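Presented below is the structure to which this report refers.
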Amino acid sequence: MQGNLPPEAQEKIEELQDLQETAQQVAAQKQQAETQLTESQTALDELDDVNEDTTMYREVGELLVKTEYDEAKDDLEESVESLEVRVDTLEKQEERVQEQFEELQQELQQLLGGAGGGGGPMGPGAGGA
């Protein structure tokens, strides 16, 4: 079907496909950041219920390393702030990609609508013999 389209329309379709792929990547990154944010917020909330003198450990790769309460709390607060910024950034990126997608879609529809009255190569009998 794409062989019958004008080159400009084919180019727009390829751009749409690229944007769709980008949108999926951004959505996956956002979901991952939101999951990490939720985990960090939950850990920070749990930390409020822990006595400051309690022996604590943090995961470093495959190891558990002893850590101080204040250090653990500071690290979690920093992580939450960083992840909130990341999620916000990804939401904005997602919106920009969506806007670009919609604009391209409209451009493509105008191209196709103007280049053949919208009837074109739709049906099997449309070319006659």
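Going through the structure tokens in order, the chains are called A, B, and so on, while each chain numbers its residues from 1 and the ligands are numbered from 1 in the order shown.
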If we count only C-alpha atoms and set the cut-off at 10 Å, which residues sit around Gln100 in chain A, ignoring sequence neighbours fewer than 6 positions away in its own chain? Please answer as an MDAnalysis selection string.
chainID A and resid 15:16 19 94 106
If we count only C-alpha atoms and set the cut-off at 12 Å, which residues sit around Met56 in chain A, ignoring sequence neighbours fewer than 4 positions away in its own chain? Please answer as a ChimeraX atom specification.
/A:47,50-52,64-73
Might you pull out every residue within 12 Å of Gln105 in chain A, with only C-alpha atoms counted and same-chain residues fewer than 2 positions away left off, and present them as a PDB file with N, CA, C and O atoms, in the first residue's frame?
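Written out: selection18.pdb:
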ATOM      1  N   ALA A   9       4.386  11.623   1.798  1.00  0.00           N
ATOM      2  CA  ALA A   9       3.492  10.891   2.701  1.00  0.00           C
ATOM      3  C   ALA A   9       4.223   9.701   3.320  1.00  0.00           C
ATOM      4  O   ALA A   9       4.073   9.413   4.513  1.00  0.00           O
ATOM      5  N   GLU A  11       7.356   9.524   3.909  1.00  0.00           N
ATOM      6  CA  GLU A  11       8.280  10.098   4.885  1.00  0.00           C
ATOM      7  C   GLU A  11       7.547  10.403   6.198  1.00  0.00           C
ATOM      8  O   GLU A  11       8.051  10.120   7.281  1.00  0.00           O
ATOM      9  N   LYS A  12       6.341  10.964   6.092  1.00  0.00           N
ATOM     10  CA  LYS A  12       5.547  11.285   7.287  1.00  0.00           C
ATOM     11  C   LYS A  12       5.173  10.009   8.039  1.00  0.00           C
ATOM     12  O   LYS A  12       5.190   9.978   9.264  1.00  0.00           O
ATOM     13  N   ILE A  13       4.849   8.961   7.297  1.00  0.00           N
ATOM     14  CA  ILE A  13       4.504   7.684   7.940  1.00  0.00           C
ATOM     15  C   ILE A  13       5.706   7.138   8.702  1.00  0.00           C
ATOM     16  O   ILE A  13       5.575   6.665   9.829  1.00  0.00           O
ATOM     17  N   GLU A  14       6.888   7.228   8.108  1.00  0.00           N
ATOM     18  CA  GLU A  14       8.100   6.769   8.796  1.00  0.00           C
ATOM     19  C   GLU A  14       8.356   7.601  10.047  1.00  0.00           C
ATOM     20  O   GLU A  14       8.727   7.066  11.091  1.00  0.00           O
ATOM     21  N   GLU A  15       8.124   8.908   9.953  1.00  0.00           N
ATOM     22  CA  GLU A  15       8.296   9.771  11.128  1.00  0.00           C
ATOM     23  C   GLU A  15       7.300   9.391  12.223  1.00  0.00           C
ATOM     24  O   GLU A  15       7.648   9.382  13.408  1.00  0.00           O
ATOM     25  N   LEU A  16       6.065   9.093  11.817  1.00  0.00           N
ATOM     26  CA  LEU A  16       5.050   8.664  12.788  1.00  0.00           C
ATOM     27  C   LEU A  16       5.472   7.375  13.487  1.00  0.00           C
ATOM     28  O   LEU A  16       5.310   7.225  14.698  1.00  0.00           O
ATOM     29  N   GLN A  17       6.017   6.443  12.716  1.00  0.00           N
ATOM     30  CA  GLN A  17       6.461   5.172  13.296  1.00  0.00           C
ATOM     31  C   GLN A  17       7.606   5.408  14.279  1.00  0.00           C
ATOM     32  O   GLN A  17       7.647   4.808  15.351  1.00  0.00           O
ATOM     33  N   LEU A  19       8.168   8.190  15.951  1.00  0.00           N
ATOM     34  CA  LEU A  19       7.601   8.846  17.132  1.00  0.00           C
ATOM     35  C   LEU A  19       6.861   7.855  18.022  1.00  0.00           C
ATOM     36  O   LEU A  19       6.912   7.954  19.243  1.00  0.00           O
ATOM     37  N   GLN A  20       6.184   6.905  17.393  1.00  0.00           N
ATOM     38  CA  GLN A  20       5.469   5.891  18.163  1.00  0.00           C
ATOM     39  C   GLN A  20       6.464   5.064  18.984  1.00  0.00           C
ATOM     40  O   GLN A  20       6.223   4.766  20.152  1.00  0.00           O
ATOM     41  N   GLN A  98       3.594  13.269  22.161  1.00  0.00           N
ATOM     42  CA  GLN A  98       2.180  13.126  21.777  1.00  0.00           C
ATOM     43  C   GLN A  98       1.749  14.288  20.879  1.00  0.00           C
ATOM     44  O   GLN A  98       1.062  14.079  19.871  1.00  0.00           O
ATOM     45  N   GLU A  99       2.164  15.502  21.233  1.00  0.00           N
ATOM     46  CA  GLU A  99       1.818  16.667  20.413  1.00  0.00           C
ATOM     47  C   GLU A  99       2.432  16.551  19.015  1.00  0.00           C
ATOM     48  O   GLU A  99       1.766  16.822  18.016  1.00  0.00           O
ATOM     49  N   GLN A 100       3.698  16.150  18.953  1.00  0.00           N
ATOM     50  CA  GLN A 100       4.365  15.976  17.661  1.00  0.00           C
ATOM     51  C   GLN A 100       3.652  14.906  16.836  1.00  0.00           C
ATOM     52  O   GLN A 100       3.475  15.063  15.627  1.00  0.00           O
ATOM     53  N   PHE A 101       3.241  13.845  17.491  1.00  0.00           N
ATOM     54  CA  PHE A 101       2.545  12.747  16.814  1.00  0.00           C
ATOM     55  C   PHE A 101       1.237  13.252  16.204  1.00  0.00           C
ATOM     56  O   PHE A 101       0.931  12.972  15.045  1.00  0.00           O
ATOM     57  N   GLU A 102       0.475  14.014  16.999  1.00  0.00           N
ATOM     58  CA  GLU A 102      -0.806  14.521  16.518  1.00  0.00           C
ATOM     59  C   GLU A 102      -0.621  15.497  15.352  1.00  0.00           C
ATOM     60  O   GLU A 102      -1.383  15.470  14.386  1.00  0.00           O
ATOM     61  N   GLU A 103       0.413  16.361  15.450  1.00  0.00           N
ATOM     62  CA  GLU A 103       0.693  17.299  14.362  1.00  0.00           C
ATOM     63  C   GLU A 103       1.054  16.556  13.075  1.00  0.00           C
ATOM     64  O   GLU A 103       0.550  16.877  11.994  1.00  0.00           O
ATOM     65  N   GLU A 107      -0.831  16.494   9.432  1.00  0.00           N
ATOM     66  CA  GLU A 107      -0.122  16.805   8.185  1.00  0.00           C
ATOM     67  C   GLU A 107      -0.300  15.673   7.169  1.00  0.00           C
ATOM     68  O   GLU A 107      -0.527  15.921   5.986  1.00  0.00           O
ATOM     69  N   LEU A 108      -0.204  14.452   7.656  1.00  0.00           N
ATOM     70  CA  LEU A 108      -0.359  13.296   6.768  1.00  0.00           C
ATOM     71  C   LEU A 108      -1.780  13.232   6.215  1.00  0.00           C
ATOM     72  O   LEU A 108      -1.970  12.979   5.022  1.00  0.00           O
ATOM     73  N   GLN A 109      -2.757  13.471   7.065  1.00  0.00           N
ATOM     74  CA  GLN A 109      -4.148  13.444   6.597  1.00  0.00           C
ATOM     75  C   GLN A 109      -4.392  14.523   5.557  1.00  0.00           C
ATOM     76  O   GLN A 109      -5.090  14.294   4.566  1.00  0.00           O
ATOM     77  N   GLN A 110      -3.800  15.708   5.758  1.00  0.00           N
ATOM     78  CA  GLN A 110      -3.957  16.780   4.770  1.00  0.00           C
ATOM     79  C   GLN A 110      -3.279  16.400   3.464  1.00  0.00           C
ATOM     80  O   GLN A 110      -3.817  16.633   2.387  1.00  0.00           O
ATOM     81  N   LEU A 111      -2.108  15.797   3.574  1.00  0.00           N
ATOM     82  CA  LEU A 111      -1.385  15.354   2.378  1.00  0.00           C
ATOM     83  C   LEU A 111      -2.204  14.342   1.589  1.00  0.00           C
ATOM     84  O   LEU A 111      -2.341  14.444   0.370  1.00  0.00           O
ATOM     85  N   LEU A 112      -2.730  13.356   2.306  1.00  0.00           N
ATOM     86  CA  LEU A 112      -3.489  12.301   1.640  1.00  0.00           C
ATOM     87  C   LEU A 112      -4.840  12.802   1.161  1.00  0.00           C
ATOM     88  O   LEU A 112      -5.318  12.401   0.100  1.00  0.00           O
ATOM     89  N   GLY A 113      -5.448  13.682   1.937  1.00  0.00           N
ATOM     90  CA  GLY A 113      -6.742  14.234   1.545  1.00  0.00           C
ATOM     91  C   GLY A 113      -6.609  15.116   0.317  1.00  0.00           C
ATOM     92  O   GLY A 113      -7.460  15.103  -0.552  1.00  0.00           O
TER      93      GLY A 113
END
Strand (DSSP E or B) call set, DSSP backbone run, chain A, as an mmCIF file with N, CA and C atoms, in the first residue's frame:
data_model
loop_
_atom_site.group_PDB
_atom_site.id
_atom_site.type_symbol
_atom_site.label_atom_id
_atom_site.label_comp_id
_atom_site.auth_asym_id
_atom_site.auth_seq_id
_atom_site.Cartn_x
_atom_site.Cartn_y
_atom_site.Cartn_z
ATOM 1 N N MET A 56 21.184 -0.868 60.783
ATOM 2 C CA MET A 56 20.594 -0.869 59.451
ATOM 3 C C MET A 56 21.632 -1.282 58.424
ATOM 4 N N TYR A 57 21.130 -1.862 57.341
ATOM 5 C CA TYR A 57 21.988 -2.271 56.236
ATOM 6 C C TYR A 57 21.379 -1.765 54.936
ATOM 7 N N ARG A 58 22.260 -1.495 53.992
ATOM 8 C CA ARG A 58 21.794 -1.088 52.663
ATOM 9 C C ARG A 58 22.389 -2.043 51.647
ATOM 10 N N GLU A 59 21.684 -2.211 50.559
ATOM 11 C CA GLU A 59 22.130 -3.109 49.505
ATOM 12 C C GLU A 59 23.097 -2.354 48.588
ATOM 13 N N VAL A 60 24.279 -2.934 48.424
ATOM 14 C CA VAL A 60 25.276 -2.384 47.503
ATOM 15 C C VAL A 60 25.670 -3.530 46.585
ATOM 16 N N LEU A 63 25.943 -7.131 47.986
ATOM 17 C CA LEU A 63 26.296 -7.092 49.401
ATOM 18 C C LEU A 63 25.327 -6.252 50.218
ATOM 19 N N LEU A 64 25.245 -6.570 51.515
ATOM 20 C CA LEU A 64 24.553 -5.718 52.464
ATOM 21 C C LEU A 64 25.631 -5.047 53.307
ATOM 22 N N VAL A 65 25.595 -3.721 53.349
ATOM 23 C CA VAL A 65 26.610 -2.954 54.053
ATOM 24 C C VAL A 65 25.936 -2.175 55.173
ATOM 25 N N LYS A 66 26.556 -2.208 56.364
ATOM 26 C CA LYS A 66 26.009 -1.494 57.516
ATOM 27 C C LYS A 66 25.996 0.003 57.229
ATOM 28 N N THR A 67 24.906 0.668 57.638
ATOM 29 C CA THR A 67 24.780 2.104 57.404
ATOM 30 C C THR A 67 24.119 2.764 58.603
#
Using only C-alpha atoms, determine which residues lie at most 12 Å from range 86-89 of chain A, disregarding the query and same-chain residues fewer than 6 positions distant; provide the list as a PyMOL selection string.
chain A and resi 26-38+79-80+95-96
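Note that CA of Gln41 in chain A and CA of Val85 in chain A are 13.8 Å apart.
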Just list as number ranges by chain whatever in range 26-111 of chain A DSSP marks as alpha helix (DSSP H).
A: 26-48, 69-111
Point-to-point distance in Å for CA of Leu5 in chain A and CA of Val97 in chain A:
24.6 Å
One number please: CA of Glu84 in chain A to CA of Ser40 in chain A, in Å, one decimal.
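Spanning CA of Glu84 in chain A to CA of Ser40 in chain A is a straight-line distance of 10.5 Å.
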